[in-house]
Amino acid sequence: MLISIQSPGRSNTNSKRAPLPRGCGGDAAHSPPRPGLRRRPEKQGRARDRPCARRTGVPRLPTPAAGHPVREAGKVRERTGAGAGPVTWSNPRRASAVFPQPADWPLGGLRGPSRLRGRGRGQDVAQWERAPGRRGRGRARGAGPGGGGSNERAPRPGPAGARDAAERLVANVTVCKPRGVVKGAGLGVRCRPRGGTMAATVRRQRPRRLACWAVLAVLLADLLPLSDTLAVMSVDLGSESMKVAIVKPGVPMEIVLNKESRRKTPVTVTLKENERFFGDSAASMAIKNPKATLRYFQHLLGKQEGNPHVALYGARFPEHELGFDPQRQTVHFQISPQLQFSPEEVLGMVLNYSRSLAEDFAEQPIKDAVITVPAFFNQAERRAVLQAARMAGLKVLQLINDNTATALSYGVFRRKDINTTAQNVMFYDMGSGSTVCTIVTYQTVKTKEAGMQPQLQIRGVGFDRTLGGLEMELRLREHLARLFNEQRKGQRAKDVRENPRAMAKLLREANRLKTVLSANADHMAQIEGLMDDVDFKAKVTRAEFEELCADLFERVPGPVQQALQSAEMNLDEIEQVILVGGATRVPKVQEVLLKAVGKEELGKNVNADEAAAMGAVYQAAALSKAFKVKPFVVRDAVIYPILVEFTREVEEEPGVRSLKHNKRVLFSRMGPYPQRKVITFNRYNHDFNFHINYGDLGFLGPEDLRVFGSQNLTTVKLKGVGESFKKYPDYESKGIKAHFNLDESGVLSLIKVESVFETLVEDSPEEESTLTKLGNTISSLFGGGTTPDAKENGTDSVQEEEESPAEGSKDEPGEQAELKEEAEAPVEDTSQPPPTEPKEDAAPEEEKAAEKEKEEKSEAQKPSEKKEAGSEPVPPAPEEEKKQKPARKQRMVEEIGVELMVLDLPDLPEDELARSAQKLQDLTLRDLEKQEREKAANSLEAFIFETQDKLYQPEYQEVSTEEQREEISGRLSAASTWLEDEGFGATTVMLKEKLTELRKLCHGLFFRVEERKKWPERLSALDNLLNHSSMFLKGARLIPEMDQIFTEVEMTTLEKVINETWAWKNATMAEQAKLPATEKPVLLSKDIEAKMMALDREVQYLLNKAKFAKPRPRPKDKNGTRAEPPLNASDQAEKVIPPPGETEDAKPISEPEKETRSEPTDAEPLELGGPGAGECGAGGTWEARVVGFWGEEDRHRMEASYFHFTCWHPFALPHSQQNQSRRSRPQDRSRL
């Protein structure tokens, strides 16, 4: 088979050959023979009508404009002549056809044949397509024709009117039997002797532009936002420090490094009039400006005036001035008369800073985050964190409890160890500000979506809000302050506690002492210039530290007992106790805890600092739509129960009514969440109120209850209940339903309140449609009809939910009946039911249940079988009974107006929330402007000092005069003086303009130095390339003409490029030698690189051609074997390569026909995608190669290119040549 893409000619004003006639891609009568191609004389009859027709009789049709890049063997070569030529196709039986390329295809990639299928007879499909607005630039990477890739040459502008829409040229080729007749032939078709016949049709396919652009716009609109925000982050928000983790494509669960390349960042903010500091910078500013440095402000979230924690914070950090909001009674920091910030605003700053760290680490914007909070946070504190995230512009996927995040991290990395047997693990987390003990159960459960998956369930939680490392550090600080005062007792000095800076230094030293004493028995505390330039030095032992914190260590077992009580477990059921948090590294804490739990050892196989951040980021990836992670079921627990309270009138005696207060538990303690619940009020037909409060908090101590705050959450006022009853007077009321949701963040919300009514509606048989009757008939036939009980209750069965009785409440006998009626439909739980714990004999139980179900089905079928077998026929029902139809229920739902009054802590109004967000955004922009100005000032200063130093270096003195150096030095000195005097008040624009002016002044000097540095390397590389190219050309010319794969045009073109490059180099270097070193050079490194690229492109083309070239077939002798070429074959071989389609006439006349051609047989379809090999009929094999011919005047213009396909027998060559060309296969020989 021969597939060729030919160019019959080209129009070029510089061409020496005559142009082609019209209809052949040119303007003159004929085209002279091309170099390297043998032209055959045309038949007389066809020359008059078709002056460009070949011997095959196929007409030459008008060719398109220039610019077709042609893909050959995965490579693209560019052709810029006027004619791109038609596409010629021929099958192995020498039947061929020429497909005209459309004349309006001036640009684009001609890709093909992308697919060729063929049998001995049947249909072949060849396809070429033009890509929109593309132009080949040298070489495209890809496997074979049709492969895609990147380009290398610079694109050239196409002619006017080039089409943008992609077009496709599809050629359907039908190969008939040998000597067959073609009916309805397409473009000129001719059958050669003993060849097949072929019909060819060509059609053009052009997609609709508007539709394509519309689809593309929609896809981009959907994909661009997603691609920009693929990364998600987590923030482990601790009291003292925070850890940030991210997940992005290619970076799974990684802790973010801050600007100091540390994995842990202090949660500290320094606020000044004109600048802010975060992290380690702010921590260092705590000593210089303690009043403006805020730490441990999370303890004030959700707290109002009068809360014990507010007073405790003021006692710990007396340098801060605290104020209170008159409306919400919340706390705010009064930095100065002009600056005041609420704890939510300060937390928003920290979250925004953490996002900037994550974005710098991920190198892409991030909006979605999962934030950890302490498990003991109530509703007010959780809503405060969400408001802070809104101020920072973060989308919170979930507020996850830090103990849950730690448990998730532990389970994710031990997924294989979790099985159906429940494993109870206790996590003891003592951080800087608080302590939380959690009991977690791990086991695999069956889920609807993914089958058996691991699950963690929070079973018990205990906590101490004030037990942590901070309290230990404060005890040490107080001890050090007492020692310092004792050392200065006789000097009449002030108390060190009255100096905020000195107390900040003591707190930092206490933190260091706590860490060191965890590993050493004693250590020397020393602070230089603690107060009034007096140094402090004192020895502190571990025994003294443990004595100072003795009461704190006694509180260590408290959270463990609380967790066991809430989980209703004992210590024997706990398999392992794992330490989490930095304060658990204190040896005394581990000693007391180990004694309390009664275990042999404590688990330390979890990263105490980063476990929560890693678990939170895994949950962030699971919640994000951009990632797919292995499911891990997380069932968190409600710490504080929530109930609904309402009052209604009851009639205890006839004529005597009284009010009764009712409580219904909505979310019980240690119940799982997230979940939704519905509570129904049946006894109201008018507007009423109900209250949402916390449940029984008896498990909290008196001090914890004072810190907890208000136990009343919300008062709900319903409006429109009476109007709904008036709207549906004939309907039966099913109650007022209130829908509640406790979401993933543990925040309670009232979704909606609605009034539900029902009535019975009878449908007459005449109203039934034909489709309804048909559907009922089909349903009854397949057993899908309704049962009699269902018919009595109506087709729409409704499950109602009522208030469940309060836990532990005892009602009067008269009230019990009423509660029983209400309790028929308890509180609806729309969350997924908790999976039952699988047992070891779960499989036998399932089998028993399946067998029981089968027995029930068989018993249900027995009566019907008996009825069919021996029962008497049932008489038909009367006509009246047939017409009767059971009534169905009609349900009506009316939305009820809701007015909420928040009682625990009112949320910020939307306008105040927007103002706070704008305040934070303005501060961020101010910080960015400050950073940009500092960067510009540093760049200007660095350039001045660097350039002044360069002026005295030898390489710069060599290419400059004394006057030039003096001018540059004077300008640099003036700029340095201006920067010192006026630089502090200069704007960013002024600094950048000054730097641009100096760079422009020194550009010529730097350019000359850089060029001289590049000359040796570039010239050496050019010399090597020229030498190698010359050697390659010499070797190519020594190839015998019988085996020559390069044309004379190609070798002449390469020789021309080599000579031009040598001449340019010698001339340019001679001209450069005449110029002084202080002038602009004419020998430029970019010109050298351009010459190297041009020469390398020509050499690479020939190398690639040689890589895919195959040896030519040898002429056969009389015995049917191929003759070996003589040694002087280069002198005797033809100096031309036959063009495509004429290889048959080039064979010797005496060659037997039957030895060169096999009889056509039916073979399997062939898939041609590039140079390769395969099988063809009669045991032959095929092999493909690409040959190209190039013009003489322009090396980028293609003369001809064809894809050669040959089919031959394996025994047509000597054995040695068969092994070289790998053309024979054992199965081929067996066929012969």
# chains A, B, ... in the order shown; residues from 1 in each chain; ligands from 1
$ residues_around --residues "A:Pro559" --least-positions-apart "6" --cutoff "8 Å" --atoms "only C-alpha atoms" --output "MDAnalysis selection string"
chainID A and resid 435:437 461:464
$ closest_atom_pairs --of "stretch 986-1017 of chain A" --to "stretch 953-959 of chain A" --cutoff "10 Å" --atoms "only C-alpha atoms" --output "tab-separated table"
residue	atom	partner	partner_atom	distance
A:Gly1004	CA	A:Val959	CA	9.7
A:Leu1005	CA	A:Val959	CA	7.1
A:Phe1006	CA	A:Tyr956	CA	7.9
A:Phe1007	CA	A:Val959	CA	9.9
A:Arg1008	CA	A:Val959	CA	6.7
A:Val1009	CA	A:Tyr956	CA	6.5
A:Glu1010	CA	A:Glu955	CA	9.8
A:Arg1012	CA	A:Glu955	CA	9.0
A:Lys1013	CA	A:Glu955	CA	9.3
$ write_last_selection --atoms "N, CA and C atoms" --output "PDB file, in the first residue's frame"
ATOM      1  N   GLY A1004      24.275  49.145  29.471  1.00  0.00           N
ATOM      2  CA  GLY A1004      25.302  48.919  28.462  1.00  0.00           C
ATOM      3  C   GLY A1004      26.537  48.259  29.044  1.00  0.00           C
ATOM      4  N   LEU A1005      26.930  48.693  30.215  1.00  0.00           N
ATOM      5  CA  LEU A1005      28.102  48.106  30.855  1.00  0.00           C
ATOM      6  C   LEU A1005      27.871  46.642  31.196  1.00  0.00           C
ATOM      7  N   PHE A1006      26.748  46.363  31.801  1.00  0.00           N
ATOM      8  CA  PHE A1006      26.463  44.970  32.162  1.00  0.00           C
ATOM      9  C   PHE A1006      26.315  44.090  30.924  1.00  0.00           C
ATOM     10  N   PHE A1007      25.760  44.647  29.833  1.00  0.00           N
ATOM     11  CA  PHE A1007      25.560  43.862  28.614  1.00  0.00           C
ATOM     12  C   PHE A1007      26.891  43.461  28.000  1.00  0.00           C
ATOM     13  N   ARG A1008      27.840  44.388  27.968  1.00  0.00           N
ATOM     14  CA  ARG A1008      29.148  44.068  27.385  1.00  0.00           C
ATOM     15  C   ARG A1008      29.876  43.005  28.211  1.00  0.00           C
ATOM     16  N   VAL A1009      29.757  43.097  29.509  1.00  0.00           N
ATOM     17  CA  VAL A1009      30.415  42.094  30.361  1.00  0.00           C
ATOM     18  C   VAL A1009      29.785  40.724  30.176  1.00  0.00           C
ATOM     19  N   GLU A1010      28.476  40.672  30.118  1.00  0.00           N
ATOM     20  CA  GLU A1010      27.790  39.393  29.966  1.00  0.00           C
ATOM     21  C   GLU A1010      28.107  38.745  28.628  1.00  0.00           C
ATOM     22  N   ARG A1012      30.808  39.068  26.799  1.00  0.00           N
ATOM     23  CA  ARG A1012      32.178  38.547  26.800  1.00  0.00           C
ATOM     24  C   ARG A1012      32.299  37.282  27.645  1.00  0.00           C
ATOM     25  N   LYS A1013      31.468  37.155  28.671  1.00  0.00           N
ATOM     26  CA  LYS A1013      31.495  35.922  29.459  1.00  0.00           C
ATOM     27  C   LYS A1013      30.915  34.751  28.679  1.00  0.00           C
TER      28      LYS A1013
END
$ residues_around --residues "stretch 290-305 of chain A" --least-positions-apart "4" --cutoff "9 Å" --atoms "only C-alpha atoms" --output "ChimeraX atom specification"
/A:237-240,266-272,277,282-283,285-286,309-311,313,318-321,324-325,328-333,335-336,342-344,346-347,378-385,433,500-501,504,707-709,904-905
$ write_last_selection --atoms "C-alpha atoms" --output "short mmCIF file (atom, residue, chain, number, x, y, z; two decimals), in the first residue's frame"
data_model
loop_
_atom_site.label_atom_id
_atom_site.label_comp_id
_atom_site.auth_asym_id
_atom_site.auth_seq_id
_atom_site.Cartn_x
_atom_site.Cartn_y
_atom_site.Cartn_z
CA LEU A 237 -5.93 25.96 66.43
CA GLY A 238 -4.19 25.42 69.75
CA SER A 239 -3.97 27.82 72.68
CA GLU A 240 -0.25 28.50 72.30
CA PRO A 266 2.81 30.65 67.69
CA VAL A 267 -0.76 31.95 67.85
CA THR A 268 0.42 35.46 68.66
CA VAL A 269 -0.49 38.79 67.07
CA THR A 270 1.17 42.16 67.57
CA LEU A 271 -1.00 45.12 66.58
CA LYS A 272 0.50 48.57 66.11
CA PHE A 277 3.26 40.95 63.23
CA ALA A 282 5.02 38.66 67.14
CA ALA A 283 6.35 36.39 69.89
CA MET A 285 7.68 41.58 70.01
CA ALA A 286 5.94 40.43 73.20
CA HIS A 309 -12.58 33.19 82.35
CA VAL A 310 -12.58 36.91 81.55
CA ALA A 311 -11.44 37.73 85.06
CA TYR A 313 -7.43 36.27 81.66
CA PRO A 318 -2.69 42.47 83.38
CA GLU A 319 -0.97 44.45 80.63
CA HIS A 320 -4.02 44.14 78.36
CA GLU A 321 -6.86 46.60 78.70
CA PHE A 324 -16.95 45.28 76.68
CA ASP A 325 -19.43 45.73 73.88
CA ARG A 328 -23.53 41.94 73.15
CA GLN A 329 -21.55 42.30 76.41
CA THR A 330 -18.58 40.60 74.76
CA VAL A 331 -14.91 41.36 75.34
CA HIS A 332 -12.62 43.41 73.13
CA PHE A 333 -8.97 44.47 73.38
CA ILE A 335 -4.89 48.58 72.11
CA SER A 336 -5.10 52.37 71.84
CA SER A 342 -12.64 41.73 69.39
CA PRO A 343 -11.34 38.18 69.92
CA GLU A 344 -13.22 37.13 66.75
CA VAL A 346 -8.00 38.75 66.15
CA LEU A 347 -8.77 35.12 65.40
CA ASN A 378 -20.41 25.13 73.40
CA GLN A 379 -22.72 26.63 70.79
CA ALA A 380 -21.66 30.26 71.43
CA GLU A 381 -17.95 29.45 71.15
CA ARG A 382 -18.41 27.45 67.95
CA ARG A 383 -20.44 30.22 66.32
CA ALA A 384 -17.71 32.70 67.29
CA VAL A 385 -15.09 30.61 65.46
CA GLY A 433 -4.60 25.67 77.82
CA PRO A 500 4.94 44.15 81.96
CA ARG A 501 8.16 43.73 79.98
CA ALA A 504 6.95 38.84 79.62
CA VAL A 707 -17.57 29.36 82.87
CA PHE A 708 -20.12 27.65 80.65
CA GLY A 709 -22.32 30.73 80.50
CA ASP A 904 -26.68 32.62 75.01
CA LEU A 905 -24.65 35.00 72.82
#
$ residues_around --residues "stretch 1070-1078 of chain A" --least-positions-apart "3" --cutoff "6 Å" --atoms "only C-alpha atoms" --output "short mmCIF file (atom, residue, chain, number, x, y, z; two decimals) with C-alpha atoms, in the first residue's frame"
data_model
loop_
_atom_site.label_atom_id
_atom_site.label_comp_id
_atom_site.auth_asym_id
_atom_site.auth_seq_id
_atom_site.Cartn_x
_atom_site.Cartn_y
_atom_site.Cartn_z
CA VAL A 959 34.82 47.27 28.85
CA SER A 960 34.35 50.82 30.19
CA ALA A 1067 33.16 37.65 9.13
CA VAL A 1082 28.46 42.88 16.99
#
$ closest_residue --among "A:Leu399, A:Met452, A:Glu486, A:Thr444" --to "A:Asp743" --atoms "only C-alpha atoms"
A:Leu399
$ atom_distance --atom1 "atom CA of A:Gly735" --atom2 "atom CA of A:Arg888"
19.5 Å
$ residues_around --residues "A:Ile255" --least-positions-apart "3" --cutoff "10 Å" --atoms "only C-alpha atoms" --output "NGL selection string"
:A and (233-234 or 243-247 or 252 or 258 or 262-264 or 358 or 361 or 610 or 613-614 or 617)
$ atom_distance --atom1 "atom CA of A:Trp978" --atom2 "atom CA of A:Arg965"
20.0 Å
$ residues_around --residues "stretch 967-974 of chain A" --least-positions-apart "5" --cutoff "9 Å" --atoms "only C-alpha atoms" --output "MDAnalysis selection string"
chainID A and resid 944:945 947:948 951 962 979 998 1001:1002
$ residues_around --residues "A:Ser916" --least-positions-apart "6" --cutoff "12 Å" --atoms "only C-alpha atoms" --output "number ranges by chain"
A: 340-349, 387-393, 908-910, 922-923
